[in-house]
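Below is one structure, written out as structure tokens; comments come after it.
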Amino acid sequence: MTGGHTVVDVDAHYLEAIEELAPYFDEDDPWRMRLQERPDRMTPSNTPDHYMYGRISRDEVGYLDGKMAPEEVPATMERLGIDKILMLSHTAIGVSRIGAQDARPYVLSKGYLEYMLDQVLDPSAGIYTAIPVPHQDPQDALTLIDDYADEPGVVALCLLTAGPEPPLGHRRYEPVYEVAERKGLPVIFHAGGSSLDDFYISGFERFIESHSLGFLWSVMAQVTSVVMQGVPEKFPDLDIVFQEAGITWVPGYMARLDAEYLKRRAEVPLLEKRPSEYMKGFYYGTQPMDFALSNDWLEATIEALGGASSLMYASDYPHWDYDPPSTITDIPFLSDAERGRILGGNAEAVFGI
Amino acid sequence: MSNEVGTDGGDAGAEEDQARADAGDVTRTDGGDANRVLVCDVADVPDGERVIVDVKGVEVGVINVDGELFAVRNACPHRYGPVCEGKVTNALVGTWPGVGQRLEESMTGDPAIACPWHGWEFDLATGVHLGDADYSVATYDVVVEGDGVYLEL
């Protein structure tokens, strides 16, 4: 089906049971008890049911029962036809929305990494992860990078796009980007922000409304900040990957940012070229693949955002709207080389896997 | 001229029609001095002032910045706005002091002019858009001889 191409999934999720993170903390660390006693009280909840009350199922993994098991990762790869997989923390999605200033973002990220290193990661089997970056405290992020970035199977940093305020182009995050650039760690900006409650505006009535808009909204907010504040000018060798907002928004937003830039250059004097030129230098996870209005339109869309060299196949498994590799292999106009780059070649090069 | 998506051209107002016409090429005349056109007297454009002159049917702004004369076609390549009526400043320059530091801004660049319609801003000497060298407004060499200001076409 994939024509002999290596398939790399740059965005699958591992649902770590929070109580299983507890043993990785010292006996006298109060977080060990807290994680063990009330794992359900650690992160904001996300409403309502993404799986439409049983209409969508994931019986093959324990995800909907609240936790996954290490052996489910290779089984998932086998089932979907994936050769290498970048597992991202499921809990980190909720962690990003923590507005308090306590240690939970750091603790949960550290526990996740310890657990994954101990039980799940296996570069020889193609199983990798990214450090969940606690945007709430960039100093905590630097500590985590120091402690874990050189561990086998840790290949990137991951920031959620919903939660960080000020947005991710702000100078407070620059120490993270600096060390990422120096260590050759790509930064993943992973979409978030779809909960019907606690949405950017109140009053939507169905999850289809908040989910359709929320991921786009948060990704657009962050790409605006990252580009206009000159992150690519300040850190020219930093690899940036946007994930889980699909790809068709990219050209339209490029065009809008370019129009604004030509009128308001004096506000962004660090920029040396139009925003779209920076955005063509970013990578985009393909999931969730939007509905193709026509093949010509999709082809023009992909060309406008930078072509096949800018895209990376992503599944988002086991989430409700995951994309199997056929999402890419079914695109009729891609050349074999383009298909190979999207399915895995770009990801192998960028993540060094 | 511009690849930005335009508004409905069929409904362009009279002002825009005229601006569009002004954006046309200046007709060159053959022969040495025939390409040099007297446009005004030096006394017409004292320091900090500007005049809009008609050069063979094309509007050109002659602008005096600290004693230096610049000449720019009065039609922005964006929507044909009267760029020569816009604000003249030294270009805003940004310097990043380093990781975690706020951007430092200063008005220390070369003289620039911003089109009052939408803010497209151009280097006065070269006419190049400050943000994108793909766009520029036409500029002319200015020569002062005696009391006269001449443009080299």
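Ligands are numbered from 1 in the order shown, residues from 1 within each chain, and chains are lettered A, B, ... in the order they appear in the structure tokens.
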* **Neighbours of chain B in chain A at 10 Å, counting only C-alpha atoms, as a PyMOL selection string** => chain A and resi 170-178+229-230+233-235+255+258-274
* **Picked from region 49-93 of chain B by DSSP as strand (DSSP E), as a ChimeraX atom specification** => /B:50-55,58-65,68-73,88-90,93
How would the residues just picked look written out with C-alpha atoms as a compact mmCIF listing (two decimals), in the first residue's frame?
```txt
# COMPACT_ATOMS: atom_id res chain seq x y z
CA ARG B 50 7.61 68.41 -0.73
CA VAL B 51 5.85 69.24 -3.95
CA ILE B 52 3.87 67.05 -6.29
CA VAL B 53 4.72 67.83 -9.90
CA ASP B 54 3.35 66.67 -13.21
CA VAL B 55 5.96 65.08 -15.42
CA VAL B 58 2.65 61.41 -14.42
CA GLU B 59 2.55 62.65 -10.83
CA VAL B 60 5.93 62.69 -9.10
CA GLY B 61 6.71 63.84 -5.59
CA VAL B 62 9.87 65.87 -5.01
CA ILE B 63 10.74 65.58 -1.35
CA ASN B 64 13.40 67.42 0.65
CA VAL B 65 14.76 65.48 3.62
CA GLU B 68 18.61 66.00 0.18
CA LEU B 69 16.09 65.83 -2.64
CA PHE B 70 14.27 62.62 -3.55
CA ALA B 71 11.81 62.05 -6.37
CA VAL B 72 9.21 59.29 -6.20
CA ARG B 73 6.31 58.47 -8.47
CA VAL B 88 8.52 60.55 5.93
CA THR B 89 10.67 59.11 8.69
CA ASN B 90 13.90 57.28 9.04
CA VAL B 93 15.16 49.34 12.81
```
* What's the 10 Å shell around Gly345 (chain A), counting only C-alpha atoms, without same-chain residues fewer than 4 positions away, as number ranges by chain? -> A: 5-8, 309, 311-313, 337-341, 349-350, 353
Based on the selection just made, write N, CA and C atoms of those residues as a PDB file, in the first residue's frame.
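Once written, result-v8.pdb looks like this:
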```pdb
ATOM      1  N   HIS A   5       7.626   2.560   0.926  1.00  0.00           N
ATOM      2  CA  HIS A   5       8.098   3.702   1.699  1.00  0.00           C
ATOM      3  C   HIS A   5       7.997   3.421   3.201  1.00  0.00           C
ATOM      4  N   THR A   6       8.986   3.909   3.929  1.00  0.00           N
ATOM      5  CA  THR A   6       8.913   3.860   5.383  1.00  0.00           C
ATOM      6  C   THR A   6       7.815   4.811   5.855  1.00  0.00           C
ATOM      7  N   VAL A   7       6.992   4.313   6.759  1.00  0.00           N
ATOM      8  CA  VAL A   7       5.902   5.139   7.286  1.00  0.00           C
ATOM      9  C   VAL A   7       6.250   5.573   8.705  1.00  0.00           C
ATOM     10  N   VAL A   8       6.311   6.881   8.903  1.00  0.00           N
ATOM     11  CA  VAL A   8       6.573   7.452  10.220  1.00  0.00           C
ATOM     12  C   VAL A   8       5.345   8.235  10.648  1.00  0.00           C
ATOM     13  N   SER A 309       7.623  18.564   0.693  1.00  0.00           N
ATOM     14  CA  SER A 309       8.746  18.616   1.634  1.00  0.00           C
ATOM     15  C   SER A 309       8.353  19.248   2.957  1.00  0.00           C
ATOM     16  N   LEU A 311       5.420  18.511   4.588  1.00  0.00           N
ATOM     17  CA  LEU A 311       4.379  17.724   5.245  1.00  0.00           C
ATOM     18  C   LEU A 311       4.925  16.455   5.881  1.00  0.00           C
ATOM     19  N   MET A 312       4.296  16.059   6.976  1.00  0.00           N
ATOM     20  CA  MET A 312       4.632  14.805   7.655  1.00  0.00           C
ATOM     21  C   MET A 312       3.339  14.067   7.984  1.00  0.00           C
ATOM     22  N   TYR A 313       3.293  12.815   7.595  1.00  0.00           N
ATOM     23  CA  TYR A 313       2.121  12.007   7.956  1.00  0.00           C
ATOM     24  C   TYR A 313       1.981  11.930   9.469  1.00  0.00           C
ATOM     25  N   ALA A 337       7.989   9.956  -5.142  1.00  0.00           N
ATOM     26  CA  ALA A 337       8.964  10.593  -4.254  1.00  0.00           C
ATOM     27  C   ALA A 337       8.264  11.498  -3.238  1.00  0.00           C
ATOM     28  N   GLU A 338       7.255  12.233  -3.697  1.00  0.00           N
ATOM     29  CA  GLU A 338       6.511  13.107  -2.766  1.00  0.00           C
ATOM     30  C   GLU A 338       5.791  12.277  -1.706  1.00  0.00           C
ATOM     31  N   ARG A 339       5.213  11.179  -2.141  1.00  0.00           N
ATOM     32  CA  ARG A 339       4.506  10.296  -1.199  1.00  0.00           C
ATOM     33  C   ARG A 339       5.481   9.786  -0.137  1.00  0.00           C
ATOM     34  N   GLY A 340       6.671   9.436  -0.584  1.00  0.00           N
ATOM     35  CA  GLY A 340       7.670   8.922   0.352  1.00  0.00           C
ATOM     36  C   GLY A 340       8.110   9.964   1.371  1.00  0.00           C
ATOM     37  N   ARG A 341       8.243  11.197   0.900  1.00  0.00           N
ATOM     38  CA  ARG A 341       8.648  12.258   1.831  1.00  0.00           C
ATOM     39  C   ARG A 341       7.578  12.501   2.884  1.00  0.00           C
ATOM     40  N   ALA A 349      14.284  12.681   8.530  1.00  0.00           N
ATOM     41  CA  ALA A 349      15.349  13.676   8.436  1.00  0.00           C
ATOM     42  C   ALA A 349      15.267  14.687   9.578  1.00  0.00           C
ATOM     43  N   VAL A 350      14.073  15.175   9.850  1.00  0.00           N
ATOM     44  CA  VAL A 350      13.919  16.246  10.837  1.00  0.00           C
ATOM     45  C   VAL A 350      14.136  15.730  12.261  1.00  0.00           C
ATOM     46  N   ILE A 353      15.551  10.154  13.027  1.00  0.00           N
ATOM     47  CA  ILE A 353      15.185   8.790  13.434  1.00  0.00           C
ATOM     48  C   ILE A 353      15.199   7.866  12.210  1.00  0.00           C
TER      49      ILE A 353
END
```
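Residues of region 15-147 of chain B assigned to alpha helix (DSSP H) by DSSP on this structure's backbone: Glu15, Glu16, Asp17, Gln18, Ala19, Arg20, Ala21 and Asp22 of chain B.
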* Skipping near chain neighbours, those fewer than 3 positions away, what residues fall within 6 Å of region 211-228 of chain A using only C-alpha atoms, listed as a PyMOL selection string? -> chain A and resi 161-162+167-169+191-194+207-208+231+245
* Considering only C-alpha atoms, state which residue in the set A:Glu114, A:Asp9, A:Glu244, A:Asp239 is at the smallest distance from Asp83 (chain A). => A:Asp9
* CA of Glu49 (chain B) to CA of Arg36 (chain B), straight-line distance in Å ->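 Distance reported for this atom pair: 22.3 Å.
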* To do: Go through A:Glu20, A:Ile201, A:Gln287, A:Gly306 one by one, measure the shortest atom-to-atom distance of each to Val250 (chain A) using only C-alpha atoms, and give the residue with the smallest value.
  =>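 Smallest separation from Val250 (chain A) among the options: A:Gly306.
The smallest atom-to-atom distance between Ala130 (chain A) and any of A:Ser310, A:Ser89, A:Gln101, A:Thr43, using only C-alpha atoms, is found for A:Ser89.
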* Asked: How many Å separate CA of Val187 (chain A) from CA of Leu21 (chain A)?
  -> 24.4 Å
* Any idea what's packed within 8 Å of Cys158 (chain A), counting only C-alpha atoms, ignoring anything in its chain fewer than 2 positions away? Could you give it as a list in words? ->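 What passes the distance filter is Leu88, Ala130, Ile131, Pro132, Val133, Ala156, Leu160, Val187, Ile188, Phe189 and His190 of chain A.
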For the selection just defined, write its residues with all heavy atoms to a file, as a compact mmCIF listing (two decimals), in the first residue's frame.
```txt
# COMPACT_ATOMS: atom_id res chain seq x y z
N LEU A 88 3.11 10.95 21.71
CA LEU A 88 3.03 12.16 22.54
C LEU A 88 2.13 11.89 23.73
O LEU A 88 1.17 11.13 23.64
CB LEU A 88 2.49 13.33 21.72
CG LEU A 88 3.32 13.70 20.47
CD1 LEU A 88 2.67 14.84 19.71
CD2 LEU A 88 4.75 14.05 20.85
N ALA A 130 8.42 12.81 22.61
CA ALA A 130 8.89 14.19 22.75
C ALA A 130 8.70 14.63 24.20
O ALA A 130 7.79 14.14 24.89
CB ALA A 130 8.10 15.11 21.82
N ILE A 131 9.54 15.53 24.63
CA ILE A 131 9.41 16.06 25.99
C ILE A 131 8.20 17.00 26.04
O ILE A 131 8.15 17.97 25.29
CB ILE A 131 10.68 16.84 26.40
CG1 ILE A 131 11.88 15.90 26.49
CG2 ILE A 131 10.46 17.58 27.72
CD1 ILE A 131 13.21 16.61 26.73
N PRO A 132 7.23 16.70 26.91
CA PRO A 132 6.12 17.67 27.06
C PRO A 132 6.66 18.89 27.80
O PRO A 132 7.09 18.80 28.94
CB PRO A 132 5.10 16.91 27.92
CG PRO A 132 5.56 15.47 27.96
CD PRO A 132 7.05 15.52 27.77
N VAL A 133 6.65 20.03 27.13
CA VAL A 133 7.24 21.24 27.70
C VAL A 133 6.21 21.97 28.56
O VAL A 133 5.15 22.35 28.06
CB VAL A 133 7.74 22.18 26.59
CG1 VAL A 133 8.22 23.51 27.17
CG2 VAL A 133 8.85 21.51 25.80
N ALA A 156 12.36 15.18 20.46
CA ALA A 156 11.77 16.49 20.18
C ALA A 156 11.23 17.11 21.46
O ALA A 156 11.20 16.46 22.51
CB ALA A 156 10.64 16.36 19.14
N LEU A 160 1.89 22.52 23.58
CA LEU A 160 0.51 22.58 23.14
C LEU A 160 0.17 24.02 22.78
O LEU A 160 0.64 24.95 23.43
CB LEU A 160 -0.42 22.07 24.23
CG LEU A 160 -0.73 20.56 24.26
CD1 LEU A 160 -1.61 20.19 23.07
CD2 LEU A 160 0.53 19.71 24.25
N VAL A 187 10.99 21.46 17.59
CA VAL A 187 9.91 21.86 18.48
C VAL A 187 8.58 21.59 17.77
O VAL A 187 8.35 22.09 16.67
CB VAL A 187 10.01 23.34 18.87
CG1 VAL A 187 8.77 23.78 19.63
CG2 VAL A 187 11.26 23.57 19.71
N ILE A 188 7.76 20.78 18.42
CA ILE A 188 6.42 20.49 17.91
C ILE A 188 5.44 21.44 18.59
O ILE A 188 5.40 21.52 19.82
CB ILE A 188 6.02 19.03 18.21
CG1 ILE A 188 6.93 18.06 17.47
CG2 ILE A 188 4.55 18.80 17.89
CD1 ILE A 188 6.79 16.61 17.95
N PHE A 189 4.68 22.16 17.79
CA PHE A 189 3.56 22.94 18.31
C PHE A 189 2.30 22.15 17.98
O PHE A 189 1.85 22.11 16.83
CB PHE A 189 3.51 24.33 17.69
CG PHE A 189 4.68 25.20 18.04
CD1 PHE A 189 5.51 25.72 17.05
CD2 PHE A 189 4.97 25.51 19.36
CE1 PHE A 189 6.58 26.54 17.37
CE2 PHE A 189 6.05 26.33 19.69
CZ PHE A 189 6.85 26.84 18.69
N HIS A 190 1.76 21.49 18.99
CA HIS A 190 0.64 20.57 18.79
C HIS A 190 -0.66 21.26 19.16
O HIS A 190 -0.80 21.80 20.26
CB HIS A 190 0.86 19.32 19.66
CG HIS A 190 -0.18 18.26 19.47
ND1 HIS A 190 -1.47 18.39 19.94
CD2 HIS A 190 -0.12 17.06 18.85
CE1 HIS A 190 -2.15 17.31 19.63
NE2 HIS A 190 -1.37 16.49 18.96
```
* Separation of CA of Gly252 (chain A) from CA of Ser195 (chain A) in Å ->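 If I compute the distance from CA of Ser195 (chain A) to CA of Gly252 (chain A), I get 24.9 Å.
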* Asked: Near region 103-110 of chain A, within 8 Å and counting only C-alpha atoms, which residues show up once chain neighbours fewer than 6 positions away are dropped, as an NGL selection string?
  -> :A and (18 or 21 or 31 or 42 or 91-92 or 95-96 or 131-134 or 136 or 140-141 or 144)
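The neighbours of Gly127 (chain B) here are the residues that come within 8 Å of it, using only C-alpha atoms and leaving out any residue fewer than 4 positions away in the same chain; they are Val72, Phe122, Asp123, Ser136, Val137, Ala138 and Thr139 of chain B.
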